[in-house]
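Worksheet for the structure shown next.
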Amino acid sequence: MGSDTLERSAAYWNKQAADEERWSAPVDADTIARARAGDWSIVLTPEKAVPRAWFPSDLKHVQLLALAGSGGQQAPVLAAAGAPVTVFDLSEGQLGKDRLVAEREGLDLRLEQGDMADLSRFADASFDLVVNPCSVCFVADVEPVWREVARVLRPGGRFMTGFINPLFFLFDHDTPGADRLQARFALPYDSTSPELRERAQALGVDEFSHSIDALMGGQMRAGLRLIDLYEDNWPGADLAIDALTPLYIATLAEKPL
Ligand SMILES: C[S@@+](CC[C@H](N)C(=O)[O-])C[C@H]1O[C@@H](n2cnc3c(N)ncnc32)[C@H](O)[C@@H]1O
């Protein structure tokens, strides 16, 4: 991936963290206390909690990687629920939110900064569970990410990820009025293409729709077996299309024994 895309993504997420936006607002002490008592949930998409059946019944000793998963939300909850958690993220600001919750609550979180397409600092088969909240829309090529996930998972380990339905990127959601549901962009959407560069500059971050082929077929080609999925909406975002169809997908995959 171009270093320009990485730099812009890091700067954008540092700003999101500084402003404590939706994906960067750290969980409160009560959420951590409840997680310690066994009452916890996380999201990979905007609203729906990940089914508990997707997780092992007991998280103790489950080596867990929260991939592109910082912001002080999922990782501290999973650590309070008992898992040894490594948080890996591009943005120092986002990682700072996890550091803040870990220090405030006395949680042991390992924080690592980097690009999710390169997990070379982790040995093969070093995690039992990889949890990836919605983030691959920020990388130009998703298949290297899936290959790295498959490599660092132990056989029998699980991978759960949230992503945006690529059809979302057909539309210009920022245009007010009825026109905003007219298909405007061809897929796959790549904001680094010359015709979209100006739009990406205004947003401050590069975005890539990918295809269902890459998002789901890619996981299978990386050696993972898909075993479940669900769809989700984001009513809070006030998008016209959200009333017509779910826009988010979460999948569960397993690395075969
Ligand atoms: C929507 S947030 C996900 C975390 C959030 N707590 C949540 O609930 O969804 C997307 C995350 O992806 C991270 N990110 C973006 N590009 C990345 C990359 N190339 N490698 C690793 N992390 C990346 C961002 O810093 C941000 O923390």
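By convention here, the chains of the structure tokens are called A, B, ... in the order presented, each chain's residues are numbered starting at 1, and ligands are numbered starting at 1 in the order presented.
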Problem - ligand 1 neighbours within 7 Å using only C-alpha atoms and all ligand atoms, as an MDAnalysis selection string - result: chainID A and resid 6 9:10 13 23:24 43:45 67:74 88:91 94 114:117 133:135 138:139
Would you put the residues from that selection into a file with N, CA and C atoms, as a PDB file, in the first residue's frame?
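For reference, part07.pdb as written:
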ATOM      1  N   LEU A   6      -1.159   5.356   3.924  1.00  0.00           N
ATOM      2  CA  LEU A   6      -0.918   5.049   5.345  1.00  0.00           C
ATOM      3  C   LEU A   6      -0.789   6.329   6.166  1.00  0.00           C
ATOM      4  N   SER A   9      -4.144   7.953   6.538  1.00  0.00           N
ATOM      5  CA  SER A   9      -5.007   7.190   7.444  1.00  0.00           C
ATOM      6  C   SER A   9      -4.598   7.428   8.899  1.00  0.00           C
ATOM      7  N   ALA A  10      -3.285   7.405   9.159  1.00  0.00           N
ATOM      8  CA  ALA A  10      -2.814   7.629  10.535  1.00  0.00           C
ATOM      9  C   ALA A  10      -3.222   9.028  11.007  1.00  0.00           C
ATOM     10  N   TRP A  13      -7.003   9.184  11.667  1.00  0.00           N
ATOM     11  CA  TRP A  13      -7.421   8.482  12.889  1.00  0.00           C
ATOM     12  C   TRP A  13      -6.861   9.141  14.147  1.00  0.00           C
ATOM     13  N   TRP A  23     -15.766   6.052  16.913  1.00  0.00           N
ATOM     14  CA  TRP A  23     -14.937   4.839  16.987  1.00  0.00           C
ATOM     15  C   TRP A  23     -13.712   5.059  17.862  1.00  0.00           C
ATOM     16  N   SER A  24     -13.714   6.144  18.584  1.00  0.00           N
ATOM     17  CA  SER A  24     -12.517   6.530  19.351  1.00  0.00           C
ATOM     18  C   SER A  24     -12.864   6.954  20.769  1.00  0.00           C
ATOM     19  N   VAL A  43     -18.784  -4.850  19.368  1.00  0.00           N
ATOM     20  CA  VAL A  43     -19.285  -4.754  17.993  1.00  0.00           C
ATOM     21  C   VAL A  43     -18.101  -4.806  17.019  1.00  0.00           C
ATOM     22  N   LEU A  44     -18.404  -5.298  15.815  1.00  0.00           N
ATOM     23  CA  LEU A  44     -17.453  -5.231  14.692  1.00  0.00           C
ATOM     24  C   LEU A  44     -18.007  -4.308  13.623  1.00  0.00           C
ATOM     25  N   THR A  45     -19.321  -4.034  13.743  1.00  0.00           N
ATOM     26  CA  THR A  45     -20.090  -3.200  12.817  1.00  0.00           C
ATOM     27  C   THR A  45     -20.804  -2.176  13.710  1.00  0.00           C
ATOM     28  N   LEU A  67      -7.149  -6.527  15.789  1.00  0.00           N
ATOM     29  CA  LEU A  67      -6.453  -6.043  14.597  1.00  0.00           C
ATOM     30  C   LEU A  67      -7.126  -4.774  14.074  1.00  0.00           C
ATOM     31  N   ALA A  68      -6.335  -3.712  13.914  1.00  0.00           N
ATOM     32  CA  ALA A  68      -6.900  -2.388  13.582  1.00  0.00           C
ATOM     33  C   ALA A  68      -8.059  -2.121  14.533  1.00  0.00           C
ATOM     34  N   GLY A  69      -7.843  -2.474  15.783  1.00  0.00           N
ATOM     35  CA  GLY A  69      -8.940  -2.541  16.746  1.00  0.00           C
ATOM     36  C   GLY A  69      -8.748  -1.642  17.941  1.00  0.00           C
ATOM     37  N   SER A  70      -8.060  -0.522  17.751  1.00  0.00           N
ATOM     38  CA  SER A  70      -7.894   0.335  18.926  1.00  0.00           C
ATOM     39  C   SER A  70      -8.969   1.423  18.939  1.00  0.00           C
ATOM     40  N   GLY A  71      -8.873   2.300  19.925  1.00  0.00           N
ATOM     41  CA  GLY A  71      -9.918   3.301  20.127  1.00  0.00           C
ATOM     42  C   GLY A  71     -10.508   3.188  21.528  1.00  0.00           C
ATOM     43  N   GLY A  72      -9.957   2.253  22.328  1.00  0.00           N
ATOM     44  CA  GLY A  72     -10.409   2.140  23.724  1.00  0.00           C
ATOM     45  C   GLY A  72     -11.762   1.489  23.871  1.00  0.00           C
ATOM     46  N   GLN A  73     -12.118   0.628  22.931  1.00  0.00           N
ATOM     47  CA  GLN A  73     -13.460   0.038  22.965  1.00  0.00           C
ATOM     48  C   GLN A  73     -13.399  -1.483  23.108  1.00  0.00           C
ATOM     49  N   GLN A  74     -13.141  -2.192  22.007  1.00  0.00           N
ATOM     50  CA  GLN A  74     -13.188  -3.653  22.057  1.00  0.00           C
ATOM     51  C   GLN A  74     -12.086  -4.250  22.931  1.00  0.00           C
ATOM     52  N   PHE A  88      -3.351  -4.048  17.866  1.00  0.00           N
ATOM     53  CA  PHE A  88      -2.476  -3.638  16.766  1.00  0.00           C
ATOM     54  C   PHE A  88      -3.214  -2.600  15.949  1.00  0.00           C
ATOM     55  N   ASP A  89      -2.617  -1.431  15.754  1.00  0.00           N
ATOM     56  CA  ASP A  89      -3.304  -0.365  15.026  1.00  0.00           C
ATOM     57  C   ASP A  89      -2.275   0.595  14.439  1.00  0.00           C
ATOM     58  N   LEU A  90      -2.692   1.277  13.373  1.00  0.00           N
ATOM     59  CA  LEU A  90      -1.817   2.234  12.696  1.00  0.00           C
ATOM     60  C   LEU A  90      -1.672   3.535  13.469  1.00  0.00           C
ATOM     61  N   SER A  91      -2.706   3.901  14.200  1.00  0.00           N
ATOM     62  CA  SER A  91      -2.789   5.255  14.759  1.00  0.00           C
ATOM     63  C   SER A  91      -2.350   5.310  16.219  1.00  0.00           C
ATOM     64  N   GLN A  94      -5.273   6.475  18.387  1.00  0.00           N
ATOM     65  CA  GLN A  94      -6.232   5.407  18.693  1.00  0.00           C
ATOM     66  C   GLN A  94      -5.657   4.459  19.759  1.00  0.00           C
ATOM     67  N   GLY A 114       1.305  -0.418  13.731  1.00  0.00           N
ATOM     68  CA  GLY A 114       1.759  -0.825  12.407  1.00  0.00           C
ATOM     69  C   GLY A 114       0.612  -0.932  11.426  1.00  0.00           C
ATOM     70  N   ASP A 115       0.976  -1.386  10.214  1.00  0.00           N
ATOM     71  CA  ASP A 115       0.014  -1.559   9.124  1.00  0.00           C
ATOM     72  C   ASP A 115      -0.519  -2.990   9.147  1.00  0.00           C
ATOM     73  N   MET A 116      -1.823  -3.128   9.095  1.00  0.00           N
ATOM     74  CA  MET A 116      -2.422  -4.465   9.228  1.00  0.00           C
ATOM     75  C   MET A 116      -2.041  -5.438   8.113  1.00  0.00           C
ATOM     76  N   ALA A 117      -1.481  -4.931   7.026  1.00  0.00           N
ATOM     77  CA  ALA A 117      -1.049  -5.838   5.956  1.00  0.00           C
ATOM     78  C   ALA A 117       0.303  -6.470   6.267  1.00  0.00           C
ATOM     79  N   PRO A 133     -12.430  -5.117  13.993  1.00  0.00           N
ATOM     80  CA  PRO A 133     -13.551  -4.199  13.758  1.00  0.00           C
ATOM     81  C   PRO A 133     -13.389  -3.514  12.394  1.00  0.00           C
ATOM     82  N   CYS A 134     -14.504  -3.062  11.860  1.00  0.00           N
ATOM     83  CA  CYS A 134     -14.600  -2.495  10.513  1.00  0.00           C
ATOM     84  C   CYS A 134     -13.420  -1.554  10.192  1.00  0.00           C
ATOM     85  N   SER A 135     -12.541  -1.960   9.292  1.00  0.00           N
ATOM     86  CA  SER A 135     -11.350  -1.150   9.009  1.00  0.00           C
ATOM     87  C   SER A 135     -10.694  -1.440   7.658  1.00  0.00           C
ATOM     88  N   PHE A 138      -9.894   0.943   4.640  1.00  0.00           N
ATOM     89  CA  PHE A 138      -8.775   1.897   4.633  1.00  0.00           C
ATOM     90  C   PHE A 138      -7.505   1.307   4.017  1.00  0.00           C
ATOM     91  N   VAL A 139      -7.574   0.052   3.544  1.00  0.00           N
ATOM     92  CA  VAL A 139      -6.397  -0.521   2.878  1.00  0.00           C
ATOM     93  C   VAL A 139      -6.725  -0.803   1.414  1.00  0.00           C
TER      94      VAL A 139
END
Practice task
Please return as a ChimeraX atom specification: the residues of range 12-183 of chain A that backbone DSSP assigns to alpha helix (DSSP H).
Solution key: /A:12-18,29-36,74-80,92-105,143-152
Exercise for the section: Choose the residue, out of A:Gln113, A:Ser57, A:Ser193, A:Gln219, that has the smallest atom-to-atom separation from Glu148 in chain A; count only C-alpha atoms. Expected result: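 Closest to Glu148 in chain A of all the choices is A:Gln219.
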Handout entry: Neighbour list for range 195-205 of chain A as a list in words, cut-off 7 Å, only C-alpha atoms, skip fewer than 3 positions in-chain
Key =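 Listed by chain and then number, they are Arg8, Ser9, Tyr12, Ser191 and Thr192 of chain A.
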Put those residues in a file: C-alpha atoms, as a short mmCIF file (atom, residue, chain, number, x, y, z; two decimals), in the first residue's frame.
data_model
loop_
_atom_site.label_atom_id
_atom_site.label_comp_id
_atom_site.auth_asym_id
_atom_site.auth_seq_id
_atom_site.Cartn_x
_atom_site.Cartn_y
_atom_site.Cartn_z
CA ARG A 8 -3.23 9.99 5.59
CA SER A 9 -5.01 7.19 7.44
CA TYR A 12 -7.14 11.00 10.02
CA SER A 191 -10.28 7.02 -3.73
CA THR A 192 -6.68 7.20 -4.94
#
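Between CA of Asp108 in chain A and CA of Gly156 in chain A there is a distance of 25.1 Å.
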Practice task
Please indicate the distance in Å from CA of Asp213 in chain A to CA of Arg184 in chain A, rounded to one decimal place.
Solution key: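 Separation of CA of Asp213 in chain A and CA of Arg184 in chain A: 21.4 Å.
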Exercise for the section: Could you tell me how far CA of Lys48 in chain A lies from CA of Arg151 in chain A, in Å and to one decimal? Expected result: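 Separation of CA of Lys48 in chain A and CA of Arg151 in chain A: 28.2 Å.
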Practice task
Show which residues sit within 10 Å of Tyr189 in chain A, as a PyMOL selection string. Count only C-alpha atoms, and ignore same-chain residues fewer than 3 positions away.
Solution key: chain A and resi 137+140+166-170+185-186+192-193+196+207-211
Mind dumping the selected residues with C-alpha atoms as a JSON list (two decimals), in the first residue's frame?
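Contents of selection.json, as written:
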[["chain", "number", "residue", "atom", "x", "y", "z"],
["A", 137, "CYS", "CA", -11.97, -0.05, 3.77],
["A", 140, "ALA", "CA", -5.96, -0.68, -0.88],
["A", 166, "PRO", "CA", -19.25, -2.62, -1.29],
["A", 167, "LEU", "CA", -22.60, -1.43, -2.70],
["A", 168, "PHE", "CA", -22.39, 1.42, -0.16],
["A", 169, "PHE", "CA", -19.70, 3.00, -2.33],
["A", 170, "LEU", "CA", -21.94, 3.30, -5.40],
["A", 185, "PHE", "CA", -19.36, 5.72, -8.59],
["A", 186, "ALA", "CA", -18.19, 2.55, -10.33],
["A", 192, "THR", "CA", -6.68, 7.20, -4.94],
["A", 193, "SER", "CA", -7.87, 7.11, -8.58],
["A", 196, "LEU", "CA", -11.77, 10.66, -6.92],
["A", 207, "GLU", "CA", -11.18, 4.56, 1.11],
["A", 208, "PHE", "CA", -11.50, 1.37, -0.89],
["A", 209, "SER", "CA", -14.75, -0.58, -1.38],
["A", 210, "HIS", "CA", -13.13, -3.92, -2.34],
["A", 211, "SER", "CA", -15.44, -6.58, -3.76]]
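The residue that comes closest to Glu21 in chain A, out of A:Leu59, A:Val131, A:Gly93, A:Pro235 and on the basis of only C-alpha atoms, is A:Gly93.
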